[in-house]
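Notes follow once the structure below has been shown.
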Amino acid sequence: MRPVIMKKRKKKRTHAVRILDRQQLRKQQGLWLVRVSFFFLLSFIVFWCWIKLHDPSWFPIQVITIEGECQHIDKKAIRQAILPFTKNNFFTINMGDLRERLLRFPWLNTVLISKEWPNRLHIQLQEQKPKASWCQHNLINSEGKFFGDPKEISLSLPDLCGPTGEQHNVWQTYILLNEEFSYVNLKIKSLELTHQETWNIELDNGIKLILGQKDLKKRLDRFVRSYPGLTQQGAIEYIDLRYAHGMAVKYKKGTKYYGKEKVG
């Protein structure tokens, strides 16, 4: 009798295990179905949001404010340049591309762009500040960069000139030399770097200086020390400072010392 009883118990246990396995399988299938459903729901939400974010009618740019003094820039032209970018909405407008587009205007130096929720675009403009003209054909700023045409302004600016690519060097030299001339109340009217790397200067009083290639500050110091005495002798046409220990001075016609005079 015992073997029969043991066999029945074994069958009952096997049946119970099968029922338990089925329940666990159904539970796992249910969890899998929930996860798959959640994944598809999340994917749909992300896709829907992506579509909306790229929809120009959803949070469109409706207000554009432009600030900054623009004496040489047409604000209507600025707005026309901005207009194509407003086809994007608040989220998708490319402010980097917009900034690059605006900086194509020669007179624009800096452009700051910011957004204000939910539909505003702020643009701050700063114009170039001309410091000099370049060979009478271009304007240059304090960084030695070209922009604009000297004919567009009425300011009297010094004219700098030199080989292509030397504008920054010429500008820095202008600053250095002009500071030296301030000691005798003079300013540079024009500064030229020739292809032979010789520096030529015309001052605001009409005197022309030939500095040469080297020892510019030393030669200029010599001029500054001698200048008061030289002007007492008459109107000067030009001074050649390319000498090691002196200079050559040419006085204008009608002066007592008309012609050249070597000064040691």
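Chain lettering (A, B, ...) mirrors the order of the structure tokens, residue numbering begins at 1 for each chain separately, and ligand numbering begins at 1 in order of display.
Residues in contact range of Ser142 (chain A), defined as at most 9 Å between only C-alpha atoms, with sequence neighbours fewer than 6 positions away removed, read Lys129, Pro130, Lys131, Ala132, His168, Trp171 and Gln172 of chain A.
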* To do: Name the residues in contact with Gly162 (chain A) at a cut-off of 7 Å, using only C-alpha atoms, excluding same-chain residues fewer than 4 positions from it; report them as a PyMOL selection string.
  => chain A and resi 166-167+192-194
Go ahead and dump the residues you just picked, C-alpha atoms, as an mmCIF file, in the first residue's frame.
```cif
data_model
loop_
_atom_site.group_PDB
_atom_site.id
_atom_site.type_symbol
_atom_site.label_atom_id
_atom_site.label_comp_id
_atom_site.auth_asym_id
_atom_site.auth_seq_id
_atom_site.Cartn_x
_atom_site.Cartn_y
_atom_site.Cartn_z
ATOM 1 C CA GLU A 166 50.058 94.261 -42.302
ATOM 2 C CA GLN A 167 47.120 96.333 -41.066
ATOM 3 C CA GLU A 192 52.814 104.252 -44.321
ATOM 4 C CA LEU A 193 54.786 101.023 -44.265
ATOM 5 C CA THR A 194 56.371 100.583 -47.685
#
```
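Of the listed residues (A:Tyr251, A:Phe85, A:Trp134, A:Phe147), A:Phe147 comes nearest to Arg104 (chain A); the distances count only C-alpha atoms.
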From a DSSP pass on the backbone, collect the residues of region 96-258 of chain A flagged as alpha helix (DSSP H) and hand them back as a PDB file with N, CA and C atoms, in the first residue's frame.
```
ATOM      1  N   GLY A  96      22.917  81.010 -33.533  1.00  0.00           N
ATOM      2  CA  GLY A  96      24.286  81.089 -34.040  1.00  0.00           C
ATOM      3  C   GLY A  96      24.321  81.494 -35.501  1.00  0.00           C
ATOM      4  N   ASP A  97      23.461  80.872 -36.310  1.00  0.00           N
ATOM      5  CA  ASP A  97      23.381  81.225 -37.730  1.00  0.00           C
ATOM      6  C   ASP A  97      22.859  82.649 -37.916  1.00  0.00           C
ATOM      7  N   LEU A  98      21.907  83.036 -37.070  1.00  0.00           N
ATOM      8  CA  LEU A  98      21.369  84.393 -37.156  1.00  0.00           C
ATOM      9  C   LEU A  98      22.458  85.418 -36.843  1.00  0.00           C
ATOM     10  N   ARG A  99      23.245  85.138 -35.832  1.00  0.00           N
ATOM     11  CA  ARG A  99      24.341  86.054 -35.468  1.00  0.00           C
ATOM     12  C   ARG A  99      25.345  86.189 -36.616  1.00  0.00           C
ATOM     13  N   GLU A 100      25.713  85.065 -37.225  1.00  0.00           N
ATOM     14  CA  GLU A 100      26.653  85.103 -38.349  1.00  0.00           C
ATOM     15  C   GLU A 100      26.081  85.901 -39.518  1.00  0.00           C
ATOM     16  N   ARG A 101      24.786  85.743 -39.739  1.00  0.00           N
ATOM     17  CA  ARG A 101      24.149  86.484 -40.839  1.00  0.00           C
ATOM     18  C   ARG A 101      24.202  87.985 -40.584  1.00  0.00           C
ATOM     19  N   LEU A 102      23.923  88.410 -39.365  1.00  0.00           N
ATOM     20  CA  LEU A 102      23.922  89.838 -39.060  1.00  0.00           C
ATOM     21  C   LEU A 102      25.328  90.428 -39.107  1.00  0.00           C
ATOM     22  N   GLN A 167      47.917  95.282 -41.690  1.00  0.00           N
ATOM     23  CA  GLN A 167      47.120  96.333 -41.066  1.00  0.00           C
ATOM     24  C   GLN A 167      47.206  96.318 -39.540  1.00  0.00           C
ATOM     25  N   HIS A 168      47.266  95.135 -38.933  1.00  0.00           N
ATOM     26  CA  HIS A 168      47.348  95.082 -37.467  1.00  0.00           C
ATOM     27  C   HIS A 168      48.695  95.632 -36.997  1.00  0.00           C
ATOM     28  N   ASN A 169      49.767  95.266 -37.682  1.00  0.00           N
ATOM     29  CA  ASN A 169      51.101  95.755 -37.342  1.00  0.00           C
ATOM     30  C   ASN A 169      51.176  97.269 -37.492  1.00  0.00           C
ATOM     31  N   VAL A 170      50.623  97.786 -38.578  1.00  0.00           N
ATOM     32  CA  VAL A 170      50.640  99.233 -38.815  1.00  0.00           C
ATOM     33  C   VAL A 170      49.817  99.956 -37.756  1.00  0.00           C
ATOM     34  N   TRP A 171      48.678  99.370 -37.398  1.00  0.00           N
ATOM     35  CA  TRP A 171      47.826  99.994 -36.378  1.00  0.00           C
ATOM     36  C   TRP A 171      48.532 100.051 -35.030  1.00  0.00           C
ATOM     37  N   GLN A 172      49.186  98.974 -34.620  1.00  0.00           N
ATOM     38  CA  GLN A 172      49.902  98.955 -33.345  1.00  0.00           C
ATOM     39  C   GLN A 172      51.069  99.947 -33.360  1.00  0.00           C
ATOM     40  N   THR A 173      51.746 100.054 -34.487  1.00  0.00           N
ATOM     41  CA  THR A 173      52.847 101.017 -34.604  1.00  0.00           C
ATOM     42  C   THR A 173      52.314 102.442 -34.532  1.00  0.00           C
ATOM     43  N   TYR A 174      51.168 102.665 -35.134  1.00  0.00           N
ATOM     44  CA  TYR A 174      50.536 103.988 -35.071  1.00  0.00           C
ATOM     45  C   TYR A 174      50.274 104.391 -33.623  1.00  0.00           C
ATOM     46  N   ILE A 175      49.730 103.483 -32.837  1.00  0.00           N
ATOM     47  CA  ILE A 175      49.440 103.778 -31.427  1.00  0.00           C
ATOM     48  C   ILE A 175      50.720 104.139 -30.685  1.00  0.00           C
ATOM     49  N   LEU A 176      51.775 103.354 -30.910  1.00  0.00           N
ATOM     50  CA  LEU A 176      53.056 103.584 -30.232  1.00  0.00           C
ATOM     51  C   LEU A 176      53.654 104.933 -30.613  1.00  0.00           C
ATOM     52  N   LEU A 177      53.691 105.229 -31.904  1.00  0.00           N
ATOM     53  CA  LEU A 177      54.317 106.465 -32.366  1.00  0.00           C
ATOM     54  C   LEU A 177      53.485 107.690 -32.002  1.00  0.00           C
ATOM     55  N   ASN A 178      52.180 107.572 -32.097  1.00  0.00           N
ATOM     56  CA  ASN A 178      51.317 108.719 -31.804  1.00  0.00           C
ATOM     57  C   ASN A 178      51.442 109.150 -30.351  1.00  0.00           C
ATOM     58  N   GLU A 179      51.698 108.200 -29.484  1.00  0.00           N
ATOM     59  CA  GLU A 179      51.904 108.533 -28.066  1.00  0.00           C
ATOM     60  C   GLU A 179      53.163 109.381 -27.891  1.00  0.00           C
ATOM     61  N   GLU A 180      54.201 109.071 -28.660  1.00  0.00           N
ATOM     62  CA  GLU A 180      55.441 109.848 -28.580  1.00  0.00           C
ATOM     63  C   GLU A 180      55.226 111.273 -29.081  1.00  0.00           C
ATOM     64  N   PHE A 181      54.446 111.415 -30.135  1.00  0.00           N
ATOM     65  CA  PHE A 181      54.210 112.750 -30.695  1.00  0.00           C
ATOM     66  C   PHE A 181      53.385 113.632 -29.763  1.00  0.00           C
ATOM     67  N   LEU A 216      62.909 102.644 -34.378  1.00  0.00           N
ATOM     68  CA  LEU A 216      61.897 103.686 -34.566  1.00  0.00           C
ATOM     69  C   LEU A 216      61.769 104.587 -33.340  1.00  0.00           C
ATOM     70  N   LYS A 217      61.696 103.979 -32.173  1.00  0.00           N
ATOM     71  CA  LYS A 217      61.502 104.772 -30.957  1.00  0.00           C
ATOM     72  C   LYS A 217      62.721 105.660 -30.684  1.00  0.00           C
ATOM     73  N   LYS A 218      63.899 105.125 -30.900  1.00  0.00           N
ATOM     74  CA  LYS A 218      65.124 105.896 -30.686  1.00  0.00           C
ATOM     75  C   LYS A 218      65.167 107.104 -31.609  1.00  0.00           C
ATOM     76  N   ARG A 219      64.836 106.895 -32.858  1.00  0.00           N
ATOM     77  CA  ARG A 219      64.843 107.987 -33.831  1.00  0.00           C
ATOM     78  C   ARG A 219      63.754 109.005 -33.526  1.00  0.00           C
ATOM     79  N   LEU A 220      62.624 108.500 -33.063  1.00  0.00           N
ATOM     80  CA  LEU A 220      61.527 109.409 -32.743  1.00  0.00           C
ATOM     81  C   LEU A 220      61.851 110.238 -31.506  1.00  0.00           C
ATOM     82  N   ASP A 221      62.520 109.649 -30.534  1.00  0.00           N
ATOM     83  CA  ASP A 221      62.948 110.400 -29.349  1.00  0.00           C
ATOM     84  C   ASP A 221      63.890 111.541 -29.752  1.00  0.00           C
ATOM     85  N   ARG A 222      64.753 111.256 -30.713  1.00  0.00           N
ATOM     86  CA  ARG A 222      65.679 112.280 -31.204  1.00  0.00           C
ATOM     87  C   ARG A 222      64.905 113.435 -31.837  1.00  0.00           C
ATOM     88  N   PHE A 223      63.869 113.091 -32.584  1.00  0.00           N
ATOM     89  CA  PHE A 223      63.042 114.127 -33.208  1.00  0.00           C
ATOM     90  C   PHE A 223      62.327 114.960 -32.154  1.00  0.00           C
ATOM     91  N   VAL A 224      61.744 114.308 -31.163  1.00  0.00           N
ATOM     92  CA  VAL A 224      60.985 115.015 -30.131  1.00  0.00           C
ATOM     93  C   VAL A 224      61.881 115.996 -29.378  1.00  0.00           C
ATOM     94  N   ARG A 225      63.112 115.595 -29.090  1.00  0.00           N
ATOM     95  CA  ARG A 225      64.037 116.483 -28.376  1.00  0.00           C
ATOM     96  C   ARG A 225      64.443 117.679 -29.242  1.00  0.00           C
ATOM     97  N   SER A 226      64.570 117.452 -30.546  1.00  0.00           N
ATOM     98  CA  SER A 226      65.068 118.505 -31.440  1.00  0.00           C
ATOM     99  C   SER A 226      63.966 119.384 -32.009  1.00  0.00           C
ATOM    100  N   TYR A 227      62.740 118.932 -31.951  1.00  0.00           N
ATOM    101  CA  TYR A 227      61.649 119.596 -32.659  1.00  0.00           C
ATOM    102  C   TYR A 227      61.472 121.067 -32.280  1.00  0.00           C
ATOM    103  N   PRO A 228      61.424 121.442 -31.006  1.00  0.00           N
ATOM    104  CA  PRO A 228      61.215 122.862 -30.683  1.00  0.00           C
ATOM    105  C   PRO A 228      62.254 123.778 -31.326  1.00  0.00           C
ATOM    106  N   GLY A 229      63.518 123.377 -31.321  1.00  0.00           N
ATOM    107  CA  GLY A 229      64.563 124.205 -31.923  1.00  0.00           C
ATOM    108  C   GLY A 229      64.477 124.254 -33.436  1.00  0.00           C
ATOM    109  N   LEU A 230      64.073 123.142 -34.053  1.00  0.00           N
ATOM    110  CA  LEU A 230      63.976 123.094 -35.514  1.00  0.00           C
ATOM    111  C   LEU A 230      62.898 124.030 -36.040  1.00  0.00           C
ATOM    112  N   THR A 231      61.783 124.106 -35.357  1.00  0.00           N
ATOM    113  CA  THR A 231      60.668 124.940 -35.837  1.00  0.00           C
ATOM    114  C   THR A 231      60.981 126.428 -35.714  1.00  0.00           C
TER     115      THR A 231
END
```
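Using only C-alpha atoms, the residues found no farther than 10 Å from Leu125 (chain A), other than those of its own chain fewer than 6 positions away, are A:Ile66, A:Glu67, A:Gly68, A:Glu69, A:Cys70, A:Ile73, A:Leu102, A:Leu103, A:Leu108, A:Asn109, A:Thr110, A:Val111, A:Leu112, A:Ile113.
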* Asked: So which bits of region 54-210 of chain A end up strand (DSSP E) when you DSSP the backbone, as a ChimeraX atom specification?
  -> /A:63-67,108-116,120-127,132-134,138-140,146-147,159-161,188-193,199-203,208-210
Written selection (N, CA and C atoms) as a tab-separated table (two decimals), in the first residue's frame:
```
chain	number	residue	atom	x	y	z
A	63	VAL	N	7.58	88.56	-31.26
A	63	VAL	CA	8.07	89.89	-30.89
A	63	VAL	C	9.60	89.92	-31.04
A	64	ILE	N	10.09	90.88	-31.83
A	64	ILE	CA	11.54	91.05	-32.02
A	64	ILE	C	11.91	92.47	-31.62
A	65	THR	N	12.82	92.60	-30.67
A	65	THR	CA	13.30	93.92	-30.26
A	65	THR	C	14.76	94.06	-30.66
A	66	ILE	N	15.08	95.20	-31.27
A	66	ILE	CA	16.44	95.49	-31.71
A	66	ILE	C	16.92	96.73	-30.97
A	67	GLU	N	18.01	96.61	-30.25
A	67	GLU	CA	18.54	97.71	-29.46
A	67	GLU	C	19.96	98.04	-29.91
A	108	LEU	N	28.60	96.31	-38.49
A	108	LEU	CA	28.27	95.65	-37.22
A	108	LEU	C	29.52	95.03	-36.61
A	109	ASN	N	29.76	95.35	-35.35
A	109	ASN	CA	30.94	94.81	-34.65
A	109	ASN	C	30.57	93.64	-33.76
A	110	THR	N	29.53	93.79	-32.93
A	110	THR	CA	29.09	92.71	-32.06
A	110	THR	C	27.58	92.57	-32.14
A	111	VAL	N	27.11	91.32	-32.00
A	111	VAL	CA	25.68	91.01	-32.01
A	111	VAL	C	25.40	90.06	-30.85
A	112	LEU	N	24.53	90.47	-29.94
A	112	LEU	CA	24.11	89.63	-28.82
A	112	LEU	C	22.64	89.28	-29.01
A	113	ILE	N	22.32	87.98	-28.96
A	113	ILE	CA	20.95	87.53	-29.18
A	113	ILE	C	20.49	86.71	-27.98
A	114	SER	N	19.29	86.97	-27.51
A	114	SER	CA	18.72	86.20	-26.41
A	114	SER	C	17.23	85.99	-26.65
A	115	LYS	N	16.68	84.94	-26.01
A	115	LYS	CA	15.25	84.63	-26.13
A	115	LYS	C	14.57	84.85	-24.79
A	116	GLU	N	13.32	85.26	-24.85
A	116	GLU	CA	12.50	85.43	-23.64
A	116	GLU	C	11.20	84.68	-23.84
A	120	ARG	N	9.56	85.89	-27.49
A	120	ARG	CA	10.32	87.11	-27.73
A	120	ARG	C	11.77	86.82	-28.12
A	121	LEU	N	12.29	87.68	-29.00
A	121	LEU	CA	13.68	87.60	-29.42
A	121	LEU	C	14.31	88.98	-29.23
A	122	HIS	N	15.38	89.05	-28.44
A	122	HIS	CA	16.07	90.32	-28.18
A	122	HIS	C	17.41	90.32	-28.93
A	123	ILE	N	17.67	91.39	-29.65
A	123	ILE	CA	18.92	91.52	-30.40
A	123	ILE	C	19.59	92.83	-30.02
A	124	GLN	N	20.81	92.73	-29.52
A	124	GLN	CA	21.59	93.91	-29.13
A	124	GLN	C	22.72	94.10	-30.14
A	125	LEU	N	22.75	95.28	-30.77
A	125	LEU	CA	23.74	95.55	-31.82
A	125	LEU	C	24.74	96.60	-31.35
A	126	GLN	N	25.97	96.43	-31.77
A	126	GLN	CA	27.00	97.45	-31.51
A	126	GLN	C	27.75	97.72	-32.81
A	127	GLU	N	27.78	98.98	-33.19
A	127	GLU	CA	28.44	99.35	-34.44
A	127	GLU	C	29.96	99.35	-34.29
A	132	ALA	N	40.74	104.51	-38.04
A	132	ALA	CA	41.58	105.05	-39.11
A	132	ALA	C	41.06	104.54	-40.44
A	133	SER	N	41.55	105.15	-41.51
A	133	SER	CA	41.28	104.61	-42.85
A	133	SER	C	42.51	103.84	-43.30
A	134	TRP	N	42.30	102.93	-44.25
A	134	TRP	CA	43.40	102.10	-44.76
A	134	TRP	C	43.58	102.40	-46.25
A	138	ASN	N	39.49	101.73	-47.18
A	138	ASN	CA	38.74	100.99	-46.16
A	138	ASN	C	38.87	101.68	-44.82
A	139	LEU	N	37.92	101.39	-43.95
A	139	LEU	CA	38.03	101.79	-42.55
A	139	LEU	C	38.58	100.61	-41.76
A	140	ILE	N	39.29	100.88	-40.68
A	140	ILE	CA	39.75	99.81	-39.80
A	140	ILE	C	39.37	100.14	-38.37
A	146	PHE	N	39.33	95.34	-41.31
A	146	PHE	CA	38.67	96.19	-42.30
A	146	PHE	C	37.16	96.19	-42.14
A	147	PHE	N	36.54	97.31	-42.47
A	147	PHE	CA	35.08	97.40	-42.60
A	147	PHE	C	34.77	98.74	-43.25
A	159	ASP	N	45.17	108.24	-41.86
A	159	ASP	CA	45.21	107.24	-42.92
A	159	ASP	C	46.44	106.36	-42.75
A	160	LEU	N	46.20	105.07	-42.62
A	160	LEU	CA	47.29	104.11	-42.50
A	160	LEU	C	47.37	103.31	-43.78
A	161	CYS	N	48.58	102.89	-44.13
A	161	CYS	CA	48.73	102.13	-45.37
A	161	CYS	C	49.94	101.21	-45.26
A	188	ILE	N	49.65	112.08	-35.73
A	188	ILE	CA	49.93	111.49	-37.04
A	188	ILE	C	48.72	111.69	-37.95
A	189	LYS	N	48.96	112.26	-39.11
A	189	LYS	CA	47.92	112.39	-40.12
A	189	LYS	C	47.89	111.15	-41.02
A	190	SER	N	49.07	110.65	-41.38
A	190	SER	CA	49.16	109.43	-42.17
A	190	SER	C	50.43	108.67	-41.80
A	191	LEU	N	50.33	107.35	-41.87
A	191	LEU	CA	51.46	106.47	-41.56
A	191	LEU	C	51.50	105.39	-42.63
A	192	GLU	N	52.68	105.22	-43.24
A	192	GLU	CA	52.81	104.25	-44.32
A	192	GLU	C	53.98	103.32	-44.06
A	193	LEU	N	53.73	102.03	-44.26
A	193	LEU	CA	54.79	101.02	-44.26
A	193	LEU	C	54.98	100.59	-45.71
A	199	TRP	N	59.23	103.13	-42.79
A	199	TRP	CA	58.09	103.84	-42.22
A	199	TRP	C	58.15	105.32	-42.60
A	200	ASN	N	57.05	105.81	-43.17
A	200	ASN	CA	56.91	107.22	-43.53
A	200	ASN	C	55.72	107.81	-42.79
A	201	ILE	N	55.90	109.04	-42.31
A	201	ILE	CA	54.86	109.69	-41.50
A	201	ILE	C	54.59	111.09	-42.03
A	202	GLU	N	53.32	111.47	-42.01
A	202	GLU	CA	52.94	112.86	-42.21
A	202	GLU	C	52.18	113.31	-40.97
A	203	LEU	N	52.64	114.42	-40.38
A	203	LEU	CA	52.02	114.93	-39.16
A	203	LEU	C	50.88	115.88	-39.47
A	208	LYS	N	56.64	116.02	-42.88
A	208	LYS	CA	56.79	114.61	-43.23
A	208	LYS	C	58.08	114.07	-42.63
A	209	LEU	N	57.99	112.84	-42.12
A	209	LEU	CA	59.14	112.19	-41.49
A	209	LEU	C	59.44	110.88	-42.19
A	210	ILE	N	60.72	110.60	-42.36
A	210	ILE	CA	61.16	109.30	-42.88
A	210	ILE	C	61.89	108.61	-41.73
```
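Going from CA of Ile207 (chain A) over to CA of Ser156 (chain A), you cover 17.7 Å.
Taking CA of Glu143 (chain A) and CA of Pro163 (chain A) as the two end points, the separation is 16.8 Å.
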* Structure fact -> Judged by only C-alpha atoms, the minimum distance to Pro106 (chain A) among A:Gln128, A:Thr86, A:Tyr183, A:Glu197 is found for A:Gln128
